[in-house]
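See below for coords01.json, which holds JSON, C-alpha atoms.
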[["chain", "number", "residue", "atom", "x", "y", "z"],
["A", 1, "MET", "CA", -42.61, -65.98, -141.50],
["A", 2, "TYR", "CA", -39.86, -64.30, -143.58],
["A", 3, "SER", "CA", -40.55, -63.24, -147.15],
["A", 4, "THR", "CA", -37.25, -61.52, -148.07],
["A", 5, "ILE", "CA", -33.92, -62.51, -146.56],
["A", 6, "VAL", "CA", -30.67, -60.61, -147.12],
["A", 7, "LEU", "CA", -27.59, -62.78, -146.71],
["A", 8, "ALA", "CA", -24.36, -60.85, -146.12],
["A", 9, "TYR", "CA", -21.50, -62.92, -147.52],
["A", 10, "ASP", "CA", -17.75, -62.44, -147.36],
["A", 11, "GLY", "CA", -16.48, -65.93, -148.24],
["A", 12, "SER", "CA", -15.05, -66.59, -144.76],
["A", 13, "LEU", "CA", -15.90, -69.68, -142.70],
["A", 14, "GLU", "CA", -18.29, -67.55, -140.64],
["A", 15, "GLY", "CA", -19.80, -66.18, -143.83],
["A", 16, "ARG", "CA", -20.31, -69.68, -145.20],
["A", 17, "LEU", "CA", -22.05, -70.80, -142.00],
["A", 18, "ALA", "CA", -24.31, -67.74, -142.24],
["A", 19, "LEU", "CA", -25.02, -68.46, -145.90],
["A", 20, "ARG", "CA", -26.06, -72.03, -145.12],
["A", 21, "GLU", "CA", -28.19, -71.09, -142.12],
["A", 22, "GLY", "CA", -29.85, -68.26, -144.04],
["A", 23, "ALA", "CA", -30.38, -70.55, -147.03],
["A", 24, "ARG", "CA", -32.05, -73.13, -144.79],
["A", 25, "LEU", "CA", -34.43, -70.49, -143.45],
["A", 26, "ALA", "CA", -35.15, -69.33, -147.00],
["A", 27, "GLN", "CA", -35.97, -72.91, -148.00],
["A", 28, "ILE", "CA", -38.34, -73.35, -145.07],
["A", 29, "CYS", "CA", -40.03, -69.96, -145.61],
["A", 30, "HIS", "CA", -39.93, -70.04, -149.43],
["A", 31, "ALA", "CA", -38.36, -66.59, -149.12],
["A", 32, "ARG", "CA", -36.77, -64.34, -151.69],
["A", 33, "VAL", "CA", -32.98, -64.34, -151.17],
["A", 34, "VAL", "CA", -30.69, -61.38, -151.79],
["A", 35, "LEU", "CA", -26.98, -62.10, -151.42],
["A", 36, "VAL", "CA", -24.82, -59.07, -150.77],
["A", 37, "ALA", "CA", -21.03, -58.76, -150.75],
["A", 38, "VAL", "CA", -19.27, -55.49, -149.95],
["A", 39, "VAL", "CA", -16.05, -54.04, -151.31],
["A", 40, "GLU", "CA", -14.67, -51.93, -148.48],
["A", 41, "PRO", "CA", -13.20, -48.53, -149.32],
["A", 42, "PHE", "CA", -9.50, -47.83, -149.02],
["A", 43, "SER", "CA", -7.36, -44.75, -149.04],
["A", 44, "GLU", "CA", -5.96, -43.80, -152.43],
["A", 45, "ALA", "CA", -2.31, -44.05, -151.46],
["A", 46, "PHE", "CA", -0.10, -43.53, -148.45],
["A", 47, "VAL", "CA", 3.57, -43.12, -147.70],
["A", 48, "GLY", "CA", 5.16, -45.96, -145.74],
["A", 49, "ASP", "CA", 8.53, -46.34, -144.08],
["A", 50, "PHE", "CA", 11.52, -44.83, -145.85],
["A", 51, "GLY", "CA", 9.32, -42.78, -148.17],
["A", 52, "SER", "CA", 7.87, -45.75, -150.07],
["A", 53, "ILE", "CA", 4.44, -45.21, -151.60],
["A", 54, "HIS", "CA", 1.84, -47.92, -151.18],
["A", 55, "ILE", "CA", -1.21, -48.02, -153.43],
["A", 56, "PRO", "CA", -3.79, -50.54, -152.14],
["A", 57, "VAL", "CA", -5.07, -53.15, -154.57],
["A", 58, "ASP", "CA", -8.68, -52.82, -155.70],
["A", 59, "LYS", "CA", -10.53, -55.81, -154.25],
["A", 60, "THR", "CA", -13.59, -55.57, -156.53],
["A", 61, "ASP", "CA", -12.65, -58.64, -158.59],
["A", 62, "ASP", "CA", -11.96, -60.70, -155.44],
["A", 63, "VAL", "CA", -15.29, -59.72, -153.89],
["A", 64, "GLN", "CA", -17.11, -60.44, -157.18],
["A", 65, "THR", "CA", -15.57, -63.92, -157.14],
["A", 66, "ILE", "CA", -16.79, -64.43, -153.56],
["A", 67, "LEU", "CA", -20.27, -63.23, -154.57],
["A", 68, "ASP", "CA", -20.33, -65.57, -157.58],
["A", 69, "GLU", "CA", -19.30, -68.48, -155.32],
["A", 70, "GLY", "CA", -22.14, -67.66, -152.92],
["A", 71, "ILE", "CA", -24.68, -67.45, -155.74],
["A", 72, "ALA", "CA", -23.54, -70.84, -157.07],
["A", 73, "ARG", "CA", -23.88, -72.38, -153.59],
["A", 74, "LEU", "CA", -27.39, -70.99, -153.18],
["A", 75, "LYS", "CA", -28.46, -72.24, -156.62],
["A", 76, "ARG", "CA", -27.20, -75.73, -155.75],
["A", 77, "MET", "CA", -29.49, -75.51, -152.69],
["A", 78, "GLY", "CA", -32.49, -74.98, -154.96],
["A", 79, "LEU", "CA", -32.79, -71.24, -154.37],
["A", 80, "VAL", "CA", -33.03, -68.43, -156.93],
["A", 81, "PRO", "CA", -30.86, -65.72, -155.36],
["A", 82, "GLU", "CA", -30.38, -62.12, -156.42],
["A", 83, "ALA", "CA", -26.84, -60.73, -156.21],
["A", 84, "ARG", "CA", -25.75, -57.29, -155.01],
["A", 85, "LEU", "CA", -22.12, -56.16, -155.17],
["A", 86, "GLU", "CA", -21.81, -53.04, -153.04],
["A", 87, "ARG", "CA", -18.98, -50.61, -152.33],
["A", 88, "GLY", "CA", -18.62, -48.82, -148.99],
["A", 89, "GLN", "CA", -18.76, -49.51, -145.27],
["A", 90, "PRO", "CA", -20.24, -53.01, -144.78],
["A", 91, "SER", "CA", -22.83, -52.12, -142.13],
["A", 92, "GLU", "CA", -24.06, -49.11, -144.12],
["A", 93, "ARG", "CA", -24.28, -51.01, -147.41],
["A", 94, "ILE", "CA", -25.98, -54.08, -145.87],
["A", 95, "LYS", "CA", -28.54, -51.81, -144.16],
["A", 96, "SER", "CA", -29.14, -49.94, -147.43],
["A", 97, "VAL", "CA", -29.69, -53.17, -149.39],
["A", 98, "ALA", "CA", -32.06, -54.45, -146.69],
["A", 99, "GLU", "CA", -34.10, -51.25, -146.99],
["A", 100, "ASP", "CA", -34.01, -51.29, -150.81],
["A", 101, "VAL", "CA", -35.37, -54.83, -151.07],
["A", 102, "GLY", "CA", -37.80, -54.63, -148.13],
["A", 103, "ALA", "CA", -36.02, -57.35, -146.16],
["A", 104, "ASP", "CA", -37.60, -58.69, -143.03],
["A", 105, "LEU", "CA", -34.43, -60.59, -142.04],
["A", 106, "VAL", "CA", -30.70, -59.97, -142.47],
["A", 107, "VAL", "CA", -28.31, -62.86, -141.83],
["A", 108, "VAL", "CA", -24.65, -62.25, -141.00],
["A", 109, "GLY", "CA", -21.81, -64.40, -139.72],
["A", 110, "HIS", "CA", -20.06, -63.74, -136.42],
["A", 111, "HIS", "CA", -16.40, -62.76, -136.56],
["A", 112, "LYS", "CA", -14.84, -62.92, -133.11],
["A", 113, "GLN", "CA", -12.90, -59.79, -132.18],
["A", 114, "GLY", "CA", -11.08, -58.69, -129.10],
["A", 115, "ALA", "CA", -12.18, -55.56, -127.25],
["A", 116, "LEU", "CA", -9.41, -53.46, -128.80],
["A", 117, "ALA", "CA", -10.22, -54.52, -132.38],
["A", 118, "ARG", "CA", -13.93, -53.93, -131.78],
["A", 119, "TRP", "CA", -13.14, -50.46, -130.41],
["A", 120, "LEU", "CA", -10.76, -49.56, -133.27],
["A", 121, "VAL", "CA", -12.67, -50.89, -136.27],
["A", 122, "GLY", "CA", -16.13, -51.46, -134.85],
["A", 123, "SER", "CA", -18.46, -54.39, -135.27],
["A", 124, "VAL", "CA", -20.65, -54.79, -138.33],
["A", 125, "THR", "CA", -23.07, -56.90, -136.28],
["A", 126, "ALA", "CA", -23.36, -54.32, -133.49],
["A", 127, "SER", "CA", -23.88, -51.52, -135.99],
["A", 128, "LEU", "CA", -26.58, -53.48, -137.83],
["A", 129, "SER", "CA", -28.26, -54.39, -134.56],
["A", 130, "ASP", "CA", -28.52, -50.70, -133.72],
["A", 131, "THR", "CA", -29.68, -49.47, -137.14],
["A", 132, "LEU", "CA", -31.72, -52.15, -138.95],
["A", 133, "SER", "CA", -35.50, -51.88, -138.93],
["A", 134, "CYS", "CA", -35.87, -55.61, -139.56],
["A", 135, "SER", "CA", -34.71, -58.74, -137.72],
["A", 136, "LEU", "CA", -31.04, -59.68, -137.60],
["A", 137, "LEU", "CA", -29.74, -63.23, -137.32],
["A", 138, "VAL", "CA", -26.12, -63.71, -136.30],
["A", 139, "ALA", "CA", -25.62, -67.21, -137.65],
["A", 140, "ARG", "CA", -23.32, -69.77, -136.10],
["A", 141, "MET", "CA", -25.06, -73.07, -136.85],
["A", 142, "ASP", "CA", -23.46, -75.54, -139.24],
["A", 143, "ILE", "CA", -26.20, -76.93, -141.49],
["A", 144, "ALA", "CA", -25.30, -80.27, -143.06],
["A", 145, "GLU", "CA", -25.37, -80.50, -146.85],
["A", 146, "ASP", "CA", -27.72, -83.49, -146.83],
["A", 147, "VAL", "CA", -30.30, -81.36, -144.99],
["A", 148, "LEU", "CA", -29.93, -78.50, -147.46],
["A", 149, "PHE", "CA", -30.12, -80.66, -150.55],
["A", 150, "GLU", "CA", -32.86, -82.94, -149.20],
["A", 151, "THR", "CA", -35.09, -79.91, -148.67],
["A", 152, "ALA", "CA", -34.19, -78.41, -152.03],
["A", 153, "ALA", "CA", -35.06, -81.66, -153.80],
["A", 154, "SER", "CA", -38.39, -82.29, -152.05],
["A", 155, "PRO", "CA", -41.58, -80.74, -153.41],
["A", 156, "GLY", "CA", -42.76, -77.51, -151.86]]

Could I get this structure in the form of structure tokens?
Amino acid sequence: MYSTIVLAYDGSLEGRLALREGARLAQICHARVVLVAVVEPFSEAFVGDFGSIHIPVDKTDDVQTILDEGIARLKRMGLVPEARLERGQPSERIKSVAEDVGADLVVVGHHKQGALARWLVGSVTASLSDTLSCSLLVARMDIAEDVLFETAASPG
């Protein structure tokens, strides 16, 4: 059914649900798994109130930690994941990784946003839905650990 699944992972609760649901599908399909985490760009520096200068903190180490956590979770589920740490706009980077690896499914978590937030910052899911050439799963299901590990432990 699916031979290559890209799991977009950000360490959030929604991301963890997506990771587990995508991992379950990968187990069932015996699919290749590519886990991607994205470091979003930031402006170099800006002037705040009263002339103070704010230089944003580079989040690369934090995102690498999240990626490492996701890889460890997938390995405990009996999978052999590949890791991709990307830098840029999440929807663009996820789409690019999906194209690079020939994915036939991308799995993302759903982050609820109000209309104003969706208008201001956009929706990664909506953008992916409009631009991906493969299937997109917006995961919300909570997969129990006993189901994940039972499948991982049983022969193929």

Work out how far apart CA of Leu35 in chain A and CA of Asp100 in chain A are and give it in Å to one decimal.
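That distance, rounded to one decimal, is 12.9 Å.
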
So which residues fall inside 6 Å of (-22.6, -60.2, -157.1) if we count only C-alpha atoms? Mind giving them as a VMD selection string?
chain A and resid 64 67 to 68 83 to 85

Write the residues of the preceding selection, restricted to C-alpha atoms, as a short mmCIF file (atom, residue, chain, number, x, y, z; two decimals), in the frame of the given file.
data_model
loop_
_atom_site.label_atom_id
_atom_site.label_comp_id
_atom_site.auth_asym_id
_atom_site.auth_seq_id
_atom_site.Cartn_x
_atom_site.Cartn_y
_atom_site.Cartn_z
CA GLN A 64 -17.11 -60.44 -157.18
CA LEU A 67 -20.27 -63.23 -154.57
CA ASP A 68 -20.33 -65.57 -157.58
CA ALA A 83 -26.84 -60.73 -156.21
CA ARG A 84 -25.75 -57.29 -155.01
CA LEU A 85 -22.12 -56.16 -155.17
#

Counting all atoms listed in the file, what is within 9 Å of range 4-9 of chain A, bar same-chain residues fewer than 4 positions away, as a PDB file with C-alpha atoms, keeping the file's coordinate frame?
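Listed below is the output, out.pdb:
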ATOM      1  CA  GLU A  14     -18.290 -67.550-140.640  1.00  0.00           C
ATOM      2  CA  GLY A  15     -19.800 -66.180-143.830  1.00  0.00           C
ATOM      3  CA  ARG A  16     -20.310 -69.680-145.200  1.00  0.00           C
ATOM      4  CA  ALA A  18     -24.310 -67.740-142.240  1.00  0.00           C
ATOM      5  CA  LEU A  19     -25.020 -68.460-145.900  1.00  0.00           C
ATOM      6  CA  GLY A  22     -29.850 -68.260-144.040  1.00  0.00           C
ATOM      7  CA  ALA A  23     -30.380 -70.550-147.030  1.00  0.00           C
ATOM      8  CA  LEU A  25     -34.430 -70.490-143.450  1.00  0.00           C
ATOM      9  CA  ALA A  26     -35.150 -69.330-147.000  1.00  0.00           C
ATOM     10  CA  ALA A  31     -38.360 -66.590-149.120  1.00  0.00           C
ATOM     11  CA  ARG A  32     -36.770 -64.340-151.690  1.00  0.00           C
ATOM     12  CA  VAL A  33     -32.980 -64.340-151.170  1.00  0.00           C
ATOM     13  CA  VAL A  34     -30.690 -61.380-151.790  1.00  0.00           C
ATOM     14  CA  LEU A  35     -26.980 -62.100-151.420  1.00  0.00           C
ATOM     15  CA  VAL A  36     -24.820 -59.070-150.770  1.00  0.00           C
ATOM     16  CA  ALA A  37     -21.030 -58.760-150.750  1.00  0.00           C
ATOM     17  CA  VAL A  38     -19.270 -55.490-149.950  1.00  0.00           C
ATOM     18  CA  ILE A  66     -16.790 -64.430-153.560  1.00  0.00           C
ATOM     19  CA  LEU A  67     -20.270 -63.230-154.570  1.00  0.00           C
ATOM     20  CA  GLY A  70     -22.140 -67.660-152.920  1.00  0.00           C
ATOM     21  CA  PRO A  90     -20.240 -53.010-144.780  1.00  0.00           C
ATOM     22  CA  ILE A  94     -25.980 -54.080-145.870  1.00  0.00           C
ATOM     23  CA  VAL A  97     -29.690 -53.170-149.390  1.00  0.00           C
ATOM     24  CA  ALA A  98     -32.060 -54.450-146.690  1.00  0.00           C
ATOM     25  CA  VAL A 101     -35.370 -54.830-151.070  1.00  0.00           C
ATOM     26  CA  GLY A 102     -37.800 -54.630-148.130  1.00  0.00           C
ATOM     27  CA  ALA A 103     -36.020 -57.350-146.160  1.00  0.00           C
ATOM     28  CA  ASP A 104     -37.600 -58.690-143.030  1.00  0.00           C
ATOM     29  CA  LEU A 105     -34.430 -60.590-142.040  1.00  0.00           C
ATOM     30  CA  VAL A 106     -30.700 -59.970-142.470  1.00  0.00           C
ATOM     31  CA  VAL A 107     -28.310 -62.860-141.830  1.00  0.00           C
ATOM     32  CA  VAL A 108     -24.650 -62.250-141.000  1.00  0.00           C
ATOM     33  CA  GLY A 109     -21.810 -64.400-139.720  1.00  0.00           C
TER      34      GLY A 109
END

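Between Ile143 in chain A and the residues A:Leu17, A:Ser12, A:Ile71, A:Ser3, the shortest atom-to-atom distance, using only C-alpha atoms, involves A:Leu17.
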
Using all atoms listed in the file, pick whichever of A:Leu74, A:Val63, A:Leu13, A:Val57 has the shortest atom-to-atom distance to Phe149 in chain A.
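Closest to Phe149 in chain A, using all atoms listed in the file: A:Leu74.
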
Out of A:Asp10, A:Ser135, A:Gly78, A:Arg140, which residue has the shortest atom-to-atom distance to Ile28 in chain A when counting all atoms listed in the file?
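Closest residue, counting all atoms listed in the file: A:Gly78.
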
Distance of CA of Ser127 in chain A from CA of Met1 in chain A, expressed in Å to one decimal place:
24.3 Å

Box along x, y and z, 8 Å on every side, all listed atoms of range 24-34 of chain A inside: centre and edge lengths in Å to one decimal, as lines of an AutoDock Vina configuration file.
center_x = -35.4
center_y = -67.4
center_z = -147.6
size_x = 25.3
size_y = 28.0
size_z = 24.3

Counting only C-alpha atoms, figure out which residue out of A:Ala126, A:His110, A:Gly11, A:Arg93 gets nearest to Met141 in chain A.
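Closest to Met141 in chain A of all the choices is A:His110.
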
Have a look at CA of Arg87 in chain A and CA of Lys59 in chain A and let me know their distance in Å, one decimal.
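Calculated distance between CA of Arg87 in chain A and CA of Lys59 in chain A is 10.1 Å.
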